[in-house]
Every structure is written in C-alpha cells, then in structure tokens.
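Q: This is the content of model.cif (mmCIF, C-alpha atoms and all ligand atoms):
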data_input
loop_
_atom_site.label_atom_id
_atom_site.label_comp_id
_atom_site.auth_asym_id
_atom_site.auth_seq_id
_atom_site.Cartn_x
_atom_site.Cartn_y
_atom_site.Cartn_z
CA MET A 1205 37.68 -62.28 -13.74
CA PRO A 1206 35.32 -59.68 -12.17
CA LYS A 1207 31.58 -60.16 -12.00
CA THR A 1208 29.10 -57.47 -13.04
CA SER A 1209 28.47 -56.75 -9.33
CA ASP A 1210 32.25 -56.19 -8.81
CA ILE A 1211 32.24 -53.59 -11.63
CA VAL A 1212 29.15 -51.92 -10.13
CA GLY A 1213 31.09 -51.74 -6.84
CA ILE A 1214 34.07 -50.17 -8.64
CA ILE A 1215 31.80 -47.64 -10.39
CA ASN A 1216 30.23 -46.80 -7.04
CA LYS A 1217 33.65 -45.81 -5.74
CA ILE A 1218 34.35 -43.58 -8.78
CA ALA A 1219 30.91 -41.91 -8.58
CA PRO A 1220 28.78 -43.04 -5.60
CA MET A 1221 25.17 -43.73 -6.65
CA SER A 1222 24.06 -41.90 -3.49
CA LEU A 1223 25.17 -38.62 -5.13
CA ALA A 1224 22.60 -38.94 -7.94
CA GLU A 1225 19.61 -36.60 -8.22
CA GLY A 1226 16.32 -37.97 -6.83
CA TRP A 1227 14.70 -38.24 -10.29
CA ASP A 1228 17.65 -40.15 -11.74
CA ASN A 1229 18.08 -43.91 -12.12
CA PRO A 1230 21.78 -44.83 -12.21
CA GLY A 1231 23.14 -48.33 -11.53
CA LEU A 1232 22.38 -51.74 -13.02
CA GLN A 1233 19.70 -51.31 -15.71
CA VAL A 1234 19.66 -54.78 -17.24
CA GLY A 1235 21.51 -58.00 -16.49
CA ASP A 1236 22.81 -60.50 -13.99
CA PRO A 1237 24.98 -59.14 -11.12
CA GLY A 1238 26.61 -62.57 -10.82
CA ALA A 1239 27.62 -62.82 -14.51
CA GLU A 1240 31.28 -62.53 -15.48
CA ALA A 1241 32.29 -59.16 -16.96
CA GLY A 1242 35.64 -59.77 -18.65
CA ARG A 1243 35.12 -57.27 -21.46
CA ILE A 1244 33.42 -53.93 -20.86
CA MET A 1245 32.39 -51.20 -23.30
CA VAL A 1246 31.81 -47.55 -22.29
CA ALA A 1247 29.35 -45.33 -24.22
CA LEU A 1248 27.21 -42.22 -23.82
CA ASP A 1249 23.89 -43.86 -24.78
CA ALA A 1250 22.55 -47.42 -24.96
CA THR A 1251 21.22 -47.05 -28.51
CA SER A 1252 20.47 -50.12 -30.64
CA ASP A 1253 23.69 -49.49 -32.61
CA VAL A 1254 25.74 -49.26 -29.42
CA VAL A 1255 24.19 -52.41 -27.94
CA ALA A 1256 24.86 -54.24 -31.25
CA SER A 1257 28.45 -52.98 -31.24
CA ALA A 1258 28.99 -54.16 -27.64
CA ILE A 1259 27.61 -57.61 -28.50
CA ALA A 1260 29.69 -57.81 -31.71
CA SER A 1261 32.79 -56.91 -29.66
CA SER A 1262 32.08 -59.83 -27.28
CA CYS A 1263 31.42 -57.51 -24.33
CA GLN A 1264 29.49 -58.78 -21.33
CA LEU A 1265 28.91 -55.33 -19.83
CA LEU A 1266 28.00 -51.94 -21.31
CA VAL A 1267 28.53 -48.88 -19.09
CA THR A 1268 26.63 -45.81 -20.28
CA HIS A 1269 26.17 -42.26 -19.03
CA HIS A 1270 22.45 -41.96 -19.81
CA PRO A 1271 20.29 -44.60 -18.06
CA LEU A 1272 18.33 -46.89 -20.36
CA ILE A 1273 15.38 -47.00 -17.94
CA PHE A 1274 13.94 -43.89 -16.26
CA LYS A 1275 10.28 -44.72 -15.71
CA PRO A 1276 8.79 -48.01 -14.44
CA LEU A 1277 8.16 -50.33 -17.41
CA LYS A 1278 4.72 -51.85 -18.01
CA SER A 1279 6.03 -54.44 -20.45
CA ILE A 1280 9.22 -55.58 -22.16
CA SER A 1281 8.10 -56.19 -25.70
CA THR A 1282 10.21 -56.25 -28.84
CA VAL A 1283 7.69 -53.95 -30.54
CA THR A 1284 9.03 -50.97 -28.53
CA ARG A 1285 12.54 -49.58 -28.98
CA GLN A 1286 13.32 -49.90 -25.28
CA GLY A 1287 11.80 -53.38 -24.97
CA SER A 1288 13.69 -54.55 -28.02
CA LEU A 1289 16.99 -53.24 -26.62
CA ILE A 1290 16.42 -54.95 -23.25
CA HIS A 1291 15.39 -58.18 -25.00
CA THR A 1292 18.47 -58.11 -27.24
CA ALA A 1293 20.83 -57.37 -24.33
CA ILE A 1294 19.43 -60.17 -22.13
CA ARG A 1295 19.49 -62.73 -24.97
CA ALA A 1296 23.14 -61.87 -25.68
CA GLY A 1297 24.13 -61.95 -21.98
CA LEU A 1298 24.98 -58.24 -22.02
CA SER A 1299 24.46 -56.33 -18.77
CA ILE A 1300 23.95 -52.54 -18.87
CA VAL A 1301 25.00 -50.19 -16.07
CA SER A 1302 24.68 -46.40 -16.01
CA MET A 1303 26.43 -43.64 -14.09
CA HIS A 1304 24.53 -40.44 -14.74
CA THR A 1305 24.06 -37.47 -12.38
CA ASN A 1306 26.25 -39.28 -9.83
CA TYR A 1307 29.05 -38.98 -12.43
CA ASP A 1308 28.11 -35.35 -13.23
CA ILE A 1309 28.38 -34.46 -9.53
CA ALA A 1310 31.33 -36.65 -8.43
CA THR A 1311 34.75 -35.13 -7.95
CA GLY A 1312 36.74 -36.15 -11.04
CA GLY A 1313 33.50 -36.77 -12.96
CA LEU A 1314 32.06 -35.23 -16.12
CA ASN A 1315 31.79 -31.59 -15.00
CA ASP A 1316 35.33 -31.58 -13.65
CA LEU A 1317 36.45 -33.07 -16.97
CA LEU A 1318 34.58 -30.40 -18.97
CA SER A 1319 36.08 -27.64 -16.74
CA ARG A 1320 39.55 -29.03 -17.38
CA LYS A 1321 38.99 -29.31 -21.16
CA ILE A 1322 37.89 -25.69 -21.50
CA GLY A 1323 40.64 -24.42 -19.24
CA LEU A 1324 38.81 -23.26 -16.11
CA LEU A 1325 40.71 -22.71 -12.88
CA ASP A 1326 39.67 -22.93 -9.20
CA CYS A 1327 36.37 -24.66 -9.93
CA VAL A 1328 33.73 -25.36 -7.27
CA PRO A 1329 30.22 -26.80 -7.67
CA LEU A 1330 27.71 -24.31 -9.09
CA GLN A 1331 24.76 -25.79 -7.17
CA VAL A 1332 25.72 -27.68 -4.00
CA THR A 1333 23.66 -30.87 -3.60
CA ALA A 1334 25.64 -32.67 -0.90
CA ALA A 1335 28.56 -32.32 1.46
CA GLN A 1336 30.74 -35.21 2.52
CA GLU A 1337 29.77 -36.27 6.04
CA LEU A 1338 32.74 -36.77 8.31
CA VAL A 1339 33.11 -38.75 11.53
CA LYS A 1340 35.98 -39.08 13.98
CA LEU A 1341 37.23 -42.63 14.41
CA VAL A 1342 39.20 -43.24 17.62
CA VAL A 1343 40.86 -46.63 18.15
CA PHE A 1344 42.87 -48.11 21.02
CA VAL A 1345 45.93 -50.21 20.19
CA PRO A 1346 48.73 -51.91 22.18
CA ALA A 1347 51.73 -49.60 21.73
CA ASP A 1348 53.82 -52.19 19.88
CA HIS A 1349 51.07 -52.70 17.25
CA ILE A 1350 50.51 -49.04 16.36
CA GLU A 1351 52.36 -49.23 13.01
CA GLN A 1352 50.21 -52.06 11.63
CA ILE A 1353 47.05 -50.21 12.69
CA LYS A 1354 48.33 -47.03 10.99
CA SER A 1355 48.96 -49.00 7.79
CA ALA A 1356 45.42 -50.39 7.92
CA LEU A 1357 43.65 -47.11 8.72
CA LEU A 1358 45.56 -44.30 7.00
CA PRO A 1359 44.30 -45.29 3.50
CA HIS A 1360 40.81 -44.46 4.89
CA ALA A 1361 41.79 -41.10 6.46
CA TRP A 1362 40.10 -38.02 5.05
CA SER A 1363 42.59 -35.62 3.41
CA LEU A 1364 42.85 -32.09 4.78
CA GLY A 1365 43.27 -30.02 1.60
CA ASN A 1366 46.54 -31.12 0.05
CA TYR A 1367 47.54 -33.23 3.08
CA ARG A 1368 46.76 -36.93 3.24
CA ASP A 1369 47.44 -39.55 5.96
CA CYS A 1370 46.30 -37.08 8.68
CA SER A 1371 46.05 -38.64 12.17
CA PHE A 1372 46.88 -38.03 15.83
CA ALA A 1373 48.16 -40.45 18.48
CA THR A 1374 48.53 -40.21 22.26
CA ALA A 1375 50.00 -42.72 24.72
CA GLY A 1376 47.93 -44.03 27.63
CA GLU A 1377 47.05 -47.03 29.72
CA GLY A 1378 44.31 -49.50 28.84
CA THR A 1379 42.71 -51.75 31.44
CA PHE A 1380 40.59 -54.89 31.14
CA THR A 1381 39.83 -58.20 32.90
CA PRO A 1382 39.28 -61.18 30.58
CA LEU A 1383 36.10 -63.10 31.52
CA GLU A 1384 35.35 -66.82 31.32
CA GLY A 1385 35.30 -67.90 27.66
CA ALA A 1386 37.77 -65.20 26.54
CA ASP A 1387 40.95 -66.06 24.67
CA PRO A 1388 43.02 -62.95 25.46
CA PHE A 1389 45.99 -61.85 23.32
CA ILE A 1390 47.49 -60.34 26.52
CA GLY A 1391 46.88 -61.61 30.09
CA MET A 1392 44.80 -64.42 31.58
CA VAL A 1393 41.16 -65.06 32.39
CA GLY A 1394 40.10 -63.43 35.68
CA ILE A 1395 43.28 -61.36 36.14
CA PRO A 1396 43.01 -57.55 35.80
CA GLN A 1397 45.40 -56.20 33.14
CA LYS A 1398 47.07 -52.82 32.55
CA VAL A 1399 48.49 -52.39 29.05
CA SER A 1400 50.52 -49.59 27.52
CA GLU A 1401 48.27 -48.49 24.61
CA GLN A 1402 47.99 -45.76 22.00
CA ARG A 1403 44.81 -43.78 21.31
CA PHE A 1404 44.90 -43.28 17.53
CA GLU A 1405 42.39 -40.95 15.87
CA LEU A 1406 41.55 -39.77 12.39
CA LEU A 1407 38.73 -38.23 10.32
CA VAL A 1408 36.88 -40.66 8.06
CA GLU A 1409 34.11 -40.07 5.55
CA ARG A 1410 30.93 -41.67 6.98
CA ARG A 1411 30.37 -43.45 3.64
CA THR A 1412 33.69 -45.29 3.95
CA LEU A 1413 33.53 -45.88 7.74
CA PRO A 1414 32.42 -49.56 7.50
CA ARG A 1415 35.44 -50.32 5.30
CA ALA A 1416 37.77 -48.50 7.73
CA ILE A 1417 36.38 -50.44 10.72
CA LYS A 1418 36.71 -53.72 8.83
CA ALA A 1419 40.38 -52.94 8.04
CA PHE A 1420 41.01 -51.96 11.69
CA MET A 1421 39.43 -55.15 13.05
CA ALA A 1422 41.49 -57.29 10.67
CA ALA A 1423 44.77 -55.61 11.69
CA HIS A 1424 44.19 -55.48 15.48
CA PRO A 1425 45.64 -58.31 17.61
CA TYR A 1426 42.87 -58.25 20.27
CA GLU A 1427 39.86 -60.54 20.31
CA GLU A 1428 37.63 -57.50 21.05
CA PRO A 1429 39.31 -54.34 19.64
CA ALA A 1430 37.99 -51.12 21.20
CA TYR A 1431 37.00 -48.12 19.09
CA ASP A 1432 34.69 -45.10 19.24
CA VAL A 1433 32.95 -43.21 16.42
CA TYR A 1434 32.06 -39.54 17.03
CA SER A 1435 29.60 -37.45 15.01
CA LEU A 1436 31.08 -34.12 13.92
CA LEU A 1437 29.83 -30.72 12.82
CA ASN A 1438 32.80 -30.38 10.41
CA GLU A 1439 31.71 -30.50 6.79
CA GLY A 1440 33.74 -32.31 4.18
CA GLU A 1441 34.07 -31.38 0.54
CA LYS A 1442 30.98 -29.80 -1.01
CA LEU A 1443 29.62 -31.65 -4.04
CA GLY A 1444 27.07 -30.58 -6.60
CA LEU A 1445 25.86 -29.92 -10.12
CA GLY A 1446 27.76 -27.81 -12.63
CA ARG A 1447 30.98 -25.96 -11.87
CA ILE A 1448 32.01 -22.32 -11.58
CA GLY A 1449 35.58 -21.13 -12.00
CA HIS A 1450 37.58 -18.59 -13.95
CA LEU A 1451 39.66 -18.32 -17.08
CA PRO A 1452 43.43 -17.75 -16.79
CA GLY A 1453 42.76 -14.24 -18.22
CA THR A 1454 39.91 -12.43 -19.93
CA LEU A 1455 38.58 -13.58 -23.31
CA THR A 1456 35.86 -12.15 -25.53
CA LEU A 1457 32.65 -14.14 -25.80
CA ALA A 1458 33.31 -14.76 -29.52
CA ASP A 1459 36.87 -16.00 -28.88
CA PHE A 1460 35.79 -18.21 -25.96
CA ALA A 1461 32.95 -19.70 -28.02
CA GLY A 1462 35.43 -20.41 -30.86
CA GLN A 1463 37.85 -22.02 -28.41
CA ILE A 1464 35.12 -24.29 -26.96
CA LYS A 1465 33.93 -25.29 -30.45
CA LYS A 1466 37.47 -26.39 -31.27
CA THR A 1467 38.19 -28.10 -27.93
CA LEU A 1468 34.96 -30.13 -28.00
CA SER A 1469 35.17 -30.78 -31.77
CA ALA A 1470 31.63 -29.39 -32.01
CA PRO A 1471 30.34 -28.88 -35.57
CA GLY A 1472 28.97 -25.50 -34.44
CA LEU A 1473 27.53 -23.76 -31.41
CA ARG A 1474 25.12 -20.95 -30.53
CA TYR A 1475 25.77 -18.13 -28.15
CA VAL A 1476 23.79 -15.32 -26.54
CA GLY A 1477 25.39 -11.98 -25.68
CA ASP A 1478 27.71 -9.30 -27.06
CA PRO A 1479 30.48 -11.13 -28.98
CA SER A 1480 33.02 -8.53 -27.82
CA ALA A 1481 32.01 -8.79 -24.10
CA LEU A 1482 34.97 -9.75 -21.90
CA LEU A 1483 34.56 -12.95 -19.90
CA TYR A 1484 36.46 -14.08 -16.80
CA LYS A 1485 34.10 -15.96 -14.46
CA VAL A 1486 32.63 -19.03 -16.16
CA ALA A 1487 29.83 -21.38 -15.08
CA LEU A 1488 29.21 -24.67 -16.86
CA CYS A 1489 27.04 -27.74 -16.80
CA SER A 1490 27.44 -30.67 -19.18
CA GLY A 1491 24.33 -31.85 -21.08
CA SER A 1492 21.19 -29.87 -20.22
CA GLY A 1493 22.08 -27.11 -17.75
CA ALA A 1494 19.46 -24.42 -18.39
CA SER A 1495 18.01 -24.99 -14.91
CA LEU A 1496 21.26 -23.58 -13.49
CA LEU A 1497 20.93 -20.25 -15.35
CA HIS A 1498 19.72 -18.22 -12.35
CA GLU A 1499 22.27 -19.94 -10.07
CA ALA A 1500 25.05 -18.95 -12.51
CA ALA A 1501 23.81 -15.34 -12.66
CA ARG A 1502 23.52 -15.15 -8.84
CA ALA A 1503 27.09 -16.49 -8.53
CA GLY A 1504 28.29 -13.62 -10.76
CA ALA A 1505 29.29 -15.74 -13.76
CA ASP A 1506 29.90 -13.81 -16.98
CA VAL A 1507 28.78 -16.79 -19.05
CA LEU A 1508 27.07 -20.19 -18.67
CA VAL A 1509 28.36 -22.95 -20.94
CA THR A 1510 25.94 -25.85 -21.40
CA GLY A 1511 23.67 -27.55 -23.99
CA ASP A 1512 19.99 -27.88 -24.93
CA LEU A 1513 19.08 -24.19 -24.47
CA LYS A 1514 15.68 -22.89 -25.57
CA TYR A 1515 14.58 -19.51 -26.92
CA HIS A 1516 12.99 -18.25 -23.69
CA GLU A 1517 16.05 -19.26 -21.70
CA ALA A 1518 18.11 -17.09 -24.07
CA ARG A 1519 15.71 -14.20 -23.35
CA ASP A 1520 16.03 -14.83 -19.59
CA ALA A 1521 19.82 -14.70 -19.93
CA GLN A 1522 19.58 -11.33 -21.70
CA ASP A 1523 17.42 -10.00 -18.85
CA LEU A 1524 19.87 -11.38 -16.26
CA GLY A 1525 22.86 -9.87 -18.09
CA ILE A 1526 24.71 -13.18 -18.44
CA ALA A 1527 26.07 -14.61 -21.69
CA LEU A 1528 25.23 -18.16 -22.81
CA ILE A 1529 27.13 -20.68 -24.88
CA ASP A 1530 25.12 -23.67 -26.10
CA ALA A 1531 27.79 -26.15 -27.16
CA GLY A 1532 25.28 -28.99 -27.48
CA HIS A 1533 24.32 -31.92 -25.27
CA PHE A 1534 26.40 -34.45 -27.21
CA PRO A 1535 29.67 -32.46 -27.53
CA THR A 1536 29.66 -31.54 -23.81
CA GLU A 1537 29.10 -35.17 -22.76
CA ILE A 1538 30.71 -37.48 -25.33
CA ILE A 1539 34.06 -36.58 -23.72
CA MET A 1540 33.09 -38.88 -20.82
CA VAL A 1541 33.64 -42.02 -22.91
CA ALA A 1542 37.45 -41.81 -23.01
CA GLU A 1543 37.66 -40.55 -19.42
CA MET A 1544 35.37 -43.21 -17.94
CA THR A 1545 37.12 -45.95 -19.94
CA GLU A 1546 40.41 -44.92 -18.34
CA GLN A 1547 38.95 -44.51 -14.84
CA ILE A 1548 37.23 -47.91 -14.84
CA GLY A 1549 40.29 -49.55 -16.44
CA ASN A 1550 42.61 -48.12 -13.75
CA ALA A 1551 40.22 -49.08 -10.94
CA ILE A 1552 39.96 -52.66 -12.26
CA CYS A 1553 43.77 -52.89 -12.42
CA ALA A 1554 44.09 -51.49 -8.89
CA ALA A 1555 41.55 -54.06 -7.67
CA GLY A 1556 43.86 -56.78 -8.99
CA TYR A 1557 41.68 -58.23 -11.79
CA LYS A 1558 43.86 -59.53 -14.61
CA ASP A 1559 41.57 -60.88 -17.34
CA CYS A 1560 39.44 -57.80 -17.92
CA GLN A 1561 39.41 -55.24 -20.72
CA VAL A 1562 37.62 -51.89 -20.89
CA VAL A 1563 37.11 -50.38 -24.36
CA PRO A 1564 35.48 -47.14 -25.55
CA CYS A 1565 32.54 -47.23 -27.94
CA CYS A 1566 33.72 -45.41 -31.06
CA ILE A 1567 30.54 -45.34 -33.18
CA GLU A 1568 28.45 -42.67 -31.44
CA THR A 1569 27.66 -39.46 -33.31
CA ASP A 1570 25.62 -36.35 -32.48
CA PRO A 1571 22.01 -36.81 -33.64
CA PHE A 1572 21.93 -33.08 -34.50
CA LYS A 1573 23.60 -32.01 -37.74
CA ILE A 1574 24.51 -28.40 -38.51
ZN ZN A 1601 23.10 -35.97 -20.82
#
Turn this file's structure into structure tokens for me.
A:
Amino acid sequence: MPKTSDIVGIINKIAPMSLAEGWDNPGLQVGDPGAEAGRIMVALDATSDVVASAIASSCQLLVTHHPLIFKPLKSISTVTRQGSLIHTAIRAGLSIVSMHTNYDIATGGLNDLLSRKIGLLDCVPLQVTAAQELVKLVVFVPADHIEQIKSALLPHAWSLGNYRDCSFATAGEGTFTPLEGADPFIGMVGIPQKVSEQRFELLVERRTLPRAIKAFMAAHPYEEPAYDVYSLLNEGEKLGLGRIGHLPGTLTLADFAGQIKKTLSAPGLRYVGDPSALLYKVALCSGSGASLLHEAARAGADVLVTGDLKYHEARDAQDLGIALIDAGHFPTEIIMVAEMTEQIGNAICAAGYKDCQVVPCCIETDPFKI
C-alpha cells in the first residue's frame, strides 16, 4: 500500500511542483507523509463538506486543485473555518495534497483538458513560464553490455517531437588500469586494459537526470561506470499558463458560447463582443484568467475563454477588440476531478501498488447560481 509521500511523488511526476507560480502553495497541505494512503479522493476544493465526504468514504488522502493553505497561519483554532477543517482532517487521519498552478501549466493538465473539451487544435501555452531544460548524457559501456544499458536509459530519453527512444552510439576503445583495492569486472589490478566499448548518448530532461543516472549505474557491469553530462543551449518543450489554439473552422461568438455552455454543463455564461463575430483563434485559461487578456490580444486571439471576469476587464476587451467568454471558475475547473482521478489511478497502477483506490468527489456544486 502506498504512503502519502509515495502519492505526492506520483503527483509530482504528473505535474511537477516546480512548475507552480511563485505565489502558489501546491503540495502537502495537511497530514503525515509516512501515513498509508490506500483510498484517495480527488476534489476541486477542500470544503468542510468535501472533507466530511472523504472521511465518511474512509479515505486517508484528499487531493484537491485549490490549496487549503495560501498564507502562513497564525493559529489552528476550530473557531475559524480553515482551522476547523485542518483540525478535523488531522483528527480523522486525513492528509490533504493540492496540485494547483503546477497542474494548470503541466502538459496534460487542466488547460490541456479544457482545450480538448472545447475542441481546440494545435494548442501552445498562452504565457510561457518555463521551458524544459535539457542536458546531454554520454555513457561508456563495454560493447557486449550495450543492450542492457539501452533498456535502462531509453525510458529516460527526451522525445524529439513524435519520436521517442532517440539515441546515438559509436564504437571505440576504453582504457583503464585498476588500482590497489579495485575489484574490476574486466582485467586485473595493476595491469593496463584496453576494452572495446560503446559511447552511448541521449538527451535527458535535467529534472529527470538523477533518475537516469541511477538507472544507468544499476545496469552497468563496472565498479566505476564512466559518464559525462553536458549543458546544452537546446530548449525543450515550452510550458506556461493558458493555451492558444484554433477551432476546426470558424464559429460565431454566440454559437461558440452556446457550445461551451453545453460542453461544460454550465448553467449559463456571459460573453462580451458581437454575437455574430466569426471566431477562429481561441485563447483560454481555466479558473481566473483575466490577467491573460492583453497576452491573448497580443497573440491575435479572437476570443479569450475563462472565468471570474469583472466589468472593467470587459471594457478593456472591447478596447482591445477581443471577445470574451466568462464560463465561470467552477465549470472551467470542475472537469479536473474526473481527469485527475484517472491520471493518479493509472500512475498508481503503473507504480505497481495493488491495494489502492482513487475515487472522484461527486458532491461539489458551483457556489454561484443563475
Ligand atoms: Zn481555480
């Protein structure tokens, strides 16, 4: 059975915490990293109803999108809503973990999900916040062990577009002289050796380099495997907030708004702009994305789809000549519950844990009624 810290590790692979915005506070909010987490619930918010539902469902871990704690706490008292929630969770042995802007930004996270739901094509981040850092890993292997090293390292190779398992190998001659105290795989102490070796190289994301080196060391027959790591100027995939893409064809603003309302099961939505205006290029940001309005206009988007828009932001959009669709914070984000449940469930299975269940929270509703 996984521990809470194992699940945090799994979440960190789905949406690395390092991607989160500086003001954000994703990760373990409440709980014991060493506690068992055999039953996990996924929700948008850690409200008192959601925490009660997780406890009633015998869950040991609640994974939410919105962090429970943003600002440093001065006390944890049951007279405050937040203190009461933390108190209840700790007493019931329920840990709470959040994946917030790291999940918004991550490839395959919330904004990619929203893009997919509303039918956008060729999406890229609207505001780039990070680029994957790549390094070149070069290893030296006795020629007859190259296949086991390939098996160990290729799962860590960075994919070039639609091509995975990318590597290069060249044959050469390795030399070494084992010193006193060595226990050489080939040769004897004090006798110079020449060995037919392969130089095997691949691109690796810097973030995953320690795991790649660990796998290489475990698979290599030598006592002291040789490898080099080179810094590169190549940039990996760009990551960031929001997405911009295009529709399969043009749609009027009114039709697109109607389509989004239906797709997101929103009780209603507001829009700004000429209802008959034709849209093709679409920017979006789940939750509150008004801060990306100028970015969307600069990128040439015909419309920005987001939530939580205010009156003066609508006026700014009119001045900028870009349409707005405010589909609501809740409808643009509640879709993460089913997706994250599946992603965490699959990752737990892939990690080989048997006695662990991940369930969606099904009681959350939009606080706004229309
Ligand atoms: Zn949100």
Q: For Lys1485 of chain A, which residue among A:Ile1552, A:Leu1330, A:Leu1443, A:Ile1290 is the nearest when counting all atoms listed in the file?
A: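 Comparing A:Ile1552, A:Leu1330, A:Leu1443, A:Ile1290 against Lys1485 of chain A, the winner is A:Leu1330.
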Q: What's around Ser1279 of chain A at 12 Å? Count only C-alpha atoms, leave out sequence neighbours fewer than 4 positions away in its own chain, and write the answer as a short mmCIF file (atom, residue, chain, number, x, y, z; two decimals) with C-alpha atoms, in the coordinates of the input.
A:
data_model
loop_
_atom_site.label_atom_id
_atom_site.label_comp_id
_atom_site.auth_asym_id
_atom_site.auth_seq_id
_atom_site.Cartn_x
_atom_site.Cartn_y
_atom_site.Cartn_z
CA LYS A 1275 10.28 -44.72 -15.71
CA VAL A 1283 7.69 -53.95 -30.54
CA THR A 1284 9.03 -50.97 -28.53
CA ARG A 1285 12.54 -49.58 -28.98
CA GLN A 1286 13.32 -49.90 -25.28
CA GLY A 1287 11.80 -53.38 -24.97
CA SER A 1288 13.69 -54.55 -28.02
CA ILE A 1290 16.42 -54.95 -23.25
CA HIS A 1291 15.39 -58.18 -25.00
#
Q: Please, what distance in Å, to one decimal, runs between atom CA of Leu1266 of chain A and atom CA of Ser1490 of chain A?
A: 21.4 Å
Q: Step by step, measure atom-to-atom distances between ligand ZN 1601 (chain A) and each residue using only C-alpha atoms and all ligand atoms, keep those at most 8 Å, then write them as an mmCIF file with C-alpha atoms, in the frame of the given file.
A:
data_model
loop_
_atom_site.group_PDB
_atom_site.id
_atom_site.type_symbol
_atom_site.label_atom_id
_atom_site.label_comp_id
_atom_site.auth_asym_id
_atom_site.auth_seq_id
_atom_site.Cartn_x
_atom_site.Cartn_y
_atom_site.Cartn_z
ATOM 1 C CA HIS A 1269 26.170 -42.260 -19.030
ATOM 2 C CA HIS A 1270 22.450 -41.960 -19.810
ATOM 3 C CA HIS A 1304 24.530 -40.440 -14.740
ATOM 4 C CA SER A 1490 27.440 -30.670 -19.180
ATOM 5 C CA GLY A 1491 24.330 -31.850 -21.080
ATOM 6 C CA SER A 1492 21.190 -29.870 -20.220
ATOM 7 C CA HIS A 1533 24.320 -31.920 -25.270
ATOM 8 C CA PHE A 1534 26.400 -34.450 -27.210
ATOM 9 C CA GLU A 1537 29.100 -35.170 -22.760
#
Q: What gap, in Å, lies between atom CA of Leu1289 of chain A and atom CA of Cys1565 of chain A?
A: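 Answer for the atom CA of Leu1289 of chain A to atom CA of Cys1565 of chain A separation: 16.7 Å.
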Q: Pick the closest to Ala1505 of chain A from A:Gly1556, A:Pro1329, A:Gly1235, A:Gly1449: which is it, counting all atoms listed in the file?
A: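 Answer, going by the shortest atom-to-atom distance: A:Gly1449.
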Q: Given only C-alpha atoms as the basis, pick out the residue of A:Val1342, A:Ala1356, A:Thr1268, A:Ile1273 nearest to Ala1419 of chain A.
A: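 The answer is A:Ala1356, which sits nearest to Ala1419 of chain A.
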Q: Between atom CA of Ala1219 of chain A and atom CA of Tyr1307 of chain A, measure the distance and give it in Å to one decimal.
A: 5.2 Å
Q: Rank nothing, just name the residue among A:Cys1553, A:Leu1248, A:Ala1518, A:Ala1375 nearest to Asp1348 of chain A, using all atoms listed in the file.
A: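 Among the listed residues, A:Ala1375 lies closest to Asp1348 of chain A.
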Q: Give as JSON, numbers by chain every residue, naming chains and numbers as the document does, that has an atom within 9 Å of (25.8, -18.0, -20.3), counting only C-alpha atoms.
A: {"A": [1475, 1476, 1477, 1486, 1487, 1488, 1497, 1500, 1501, 1505, 1506, 1507, 1508, 1509, 1510, 1518, 1521, 1525, 1526, 1527, 1528, 1529, 1530]}
Q: For Ala1250 of chain A, find every residue with an atom within 7 Å (counting all atoms listed in the file), except residues of its own chain fewer than 3 positions away, and show them as an NGL selection string.
A: :A and (1254-1255 or 1268 or 1272)
Q: Pull C-alpha atoms from the residues just selected and write them as a PDB file, in the coordinates of the input.
A:
ATOM      1  CA  VAL A1254      25.740 -49.260 -29.420  1.00  0.00           C
ATOM      2  CA  VAL A1255      24.190 -52.410 -27.940  1.00  0.00           C
ATOM      3  CA  THR A1268      26.630 -45.810 -20.280  1.00  0.00           C
ATOM      4  CA  LEU A1272      18.330 -46.890 -20.360  1.00  0.00           C
TER       5      LEU A1272
END
Q: Return the single residue from A:Val1267, A:Leu1413, A:Ile1574, A:Ala1531 that is closest to Pro1359 of chain A, with distances computed using all atoms listed in the file.
A: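 Ranked by minimum distance to Pro1359 of chain A, first place goes to A:Leu1413.
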Q: With all atoms listed in the file as the counted atoms, please give the residues lying no more than 8 Å from Thr1467 of chain A, apart from itself and same-chain residues fewer than 3 positions off, as a PyMOL selection string.
A: chain A and resi 1321-1322+1463-1464+1470
Q: Measuring atom to atom with all atoms listed in the file, identify which of A:Gly1440, A:Gly1472, A:Gly1238, A:Pro1414 is nearest to Gly1365 of chain A.
A: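 Residue with the minimum atom-to-atom distance to Gly1365 of chain A: A:Gly1440.
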